[in-house]
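Q: Structure in structure tokens, see below.
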Amino acid sequence: MAADRDMDMETRTGTIRYLLADGFHDMAYVERGSPGSPLVICVHGLTRQGRDFDRLAAYLAPRFRVICPDLPGRGGSDWLSDPNLYQPQTYVTALSHLLAVTGAPVLWVGTSLGGICGMVLAAQPGTPITRLVLNDIGPFIPAAALARIRDYMLPPPEFADLHALEAHLRVIHGAFGVPDDAGWAEMALHSSRALPNGAVTLHYDPAIATPIRAQDPVDVDLMAFWRKIEVPVLTIRGAHSDLLLPETLAEMERSGSASLVIPGAGHAPALMDEKTIAAIGSFLAES
């Protein structure tokens, strides 16, 4: 696990090596806070990257060590040679390497796909996860929501500049409920990848869509994992989410999960507003 300082952003950046069927790869991350503080790992959603958690990480850093990885094929992490490896098991494998290297108890914050990985890992015997925040994800995912996600996962277009890319993000991710213009600008900056022709595009491997677009969506039942989770859980739901349904949240509450519903957001809340950030901080600090 190698790290370097990025003083302008008050972060440390680095990579961790992990092994798949096609060889070794690097997973990039950003880190804040003291290495001796309780560890929080924040994992992003399907087409996103670790800098989505900048505001949350900055809030937590005085009390916690916060690591925000880029999942394989996203942000600064290596792209995979075989598109069919872009599967949840690959992400769990990469994140397991991160857990092994840190060797510490972990407080987990996972948005959508990051929450799926968190549920799988928290359900395992001997898990290092001691508290779990699930952002707009639960043990049941309806096929209709997966079809919507599949249909917007076309190869990312080119944009003349960051302003054009930001405008695109405001359309496709309008349901995030980003609270201010600065938040959209931050998202555009960290979501962008420069192209040789001077244009910019979104910072992920277009091939991450290959497994998703290769089959018709079906309902996903993760209840077998959910029933094995014994740690405290906070579930966040966007009030208009089509992925975490109200009845699924109610079932999670009956199982003991605390909950927080974000008005004005769908799938998945950006976790950028002060009220939501403070609620997450309070839940993590209870450990």
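Please note that chains go A, B, ... in the order of the structure tokens, that every chain numbers its residues from 1, and that ligands are numbered from 1 in the order shown.
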For segment 25-37 of chain A, list every protein, DNA or RNA residue within 6 Å, evaluated using only C-alpha atoms, and leave out those in the same chain fewer than 5 positions away; present the list as a list in words.
A: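 So the residues in contact are Thr11, Arg12, Thr13, Gly14, Thr15, Ile16, Arg17, Tyr18, Ala61, Phe64, Arg65, Val66, Ile67, Cys68, Pro69, Asp70, Gly76, Ser77 and Asp78 of chain A.
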Q: Looking only at the backbone, which of the residues in segment 226-279 of chain A does DSSP tag as alpha helix (DSSP H), as a PyMOL selection string?
A: chain A and resi 226+246-254+274-279
Q: Mind pulling up the distance from atom CA of Arg237 of chain A to atom CA of Leu134 of chain A?
A: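 If I compute the distance from atom CA of Leu134 of chain A to atom CA of Arg237 of chain A, I get 8.6 Å.
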Q: Just checking: using only C-alpha atoms, which residue out of A:Val171, A:Ala122, A:Leu46, A:Ala160 ends up closest to Pro88 of chain A?
A: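 Of all the options, A:Leu46 lies closest to Pro88 of chain A.
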Q: Under the rule that only C-alpha atoms are counted, which of A:Asp136, A:Arg213, A:Ala182, A:Ala147 is the nearest residue to Ala265 of chain A?
A: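 Once distances to Ala265 of chain A are computed over only C-alpha atoms, the minimum belongs to A:Asp136.
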Q: For Ile141 of chain A, which residue among A:Ser112, A:Thr127, A:Thr201, A:Ser259 is the nearest when counting only C-alpha atoms?
A: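 Checking each of A:Ser112, A:Thr127, A:Thr201, A:Ser259 against Ile141 of chain A, counting only C-alpha atoms, the winner is A:Ser112.
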Q: Write out as JSON lines a residue-level contact list of segment 131-188 of chain A versus segment 266-283 of chain A with cut-off 6 Å: for each qualifying residue the closest pair of atoms and the distance in Å to one decimal, counting only C-alpha atoms, rows sorted by chain and residue number upward.
A:
{"residue": "A:Asp136", "atom": "CA", "partner": "A:Ala268", "partner_atom": "CA", "distance": 5.6}
{"residue": "A:Ala175", "atom": "CA", "partner": "A:Gly266", "partner_atom": "CA", "distance": 4.6}
{"residue": "A:Phe176", "atom": "CA", "partner": "A:Pro269", "partner_atom": "CA", "distance": 4.5}
{"residue": "A:Gly177", "atom": "CA", "partner": "A:Pro269", "partner_atom": "CA", "distance": 5.9}
{"residue": "A:Val178", "atom": "CA", "partner": "A:Ala270", "partner_atom": "CA", "distance": 5.7}
Q: Using only C-alpha atoms, which of A:Gly114, A:Gly238, A:Pro217, A:Pro105 sits nearest Asp151 of chain A?
A: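 Counting only C-alpha atoms, the residue closest to Asp151 of chain A is A:Pro217.
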Q: If we count only C-alpha atoms and set the cut-off at 9 Å, which residues sit around His97 of chain A, ignoring sequence neighbours fewer than 3 positions away in its own chain? Please answer as JSON, numbers by chain.
A: {"A": [16, 17, 18, 19, 92, 93, 94, 100, 101, 102]}
Q: If you run DSSP over the backbone, which residues in segment 53-129 of chain A end up strand (DSSP E or B)? Put them as number ranges by chain.
A: A: 65-69, 74, 106-111, 129
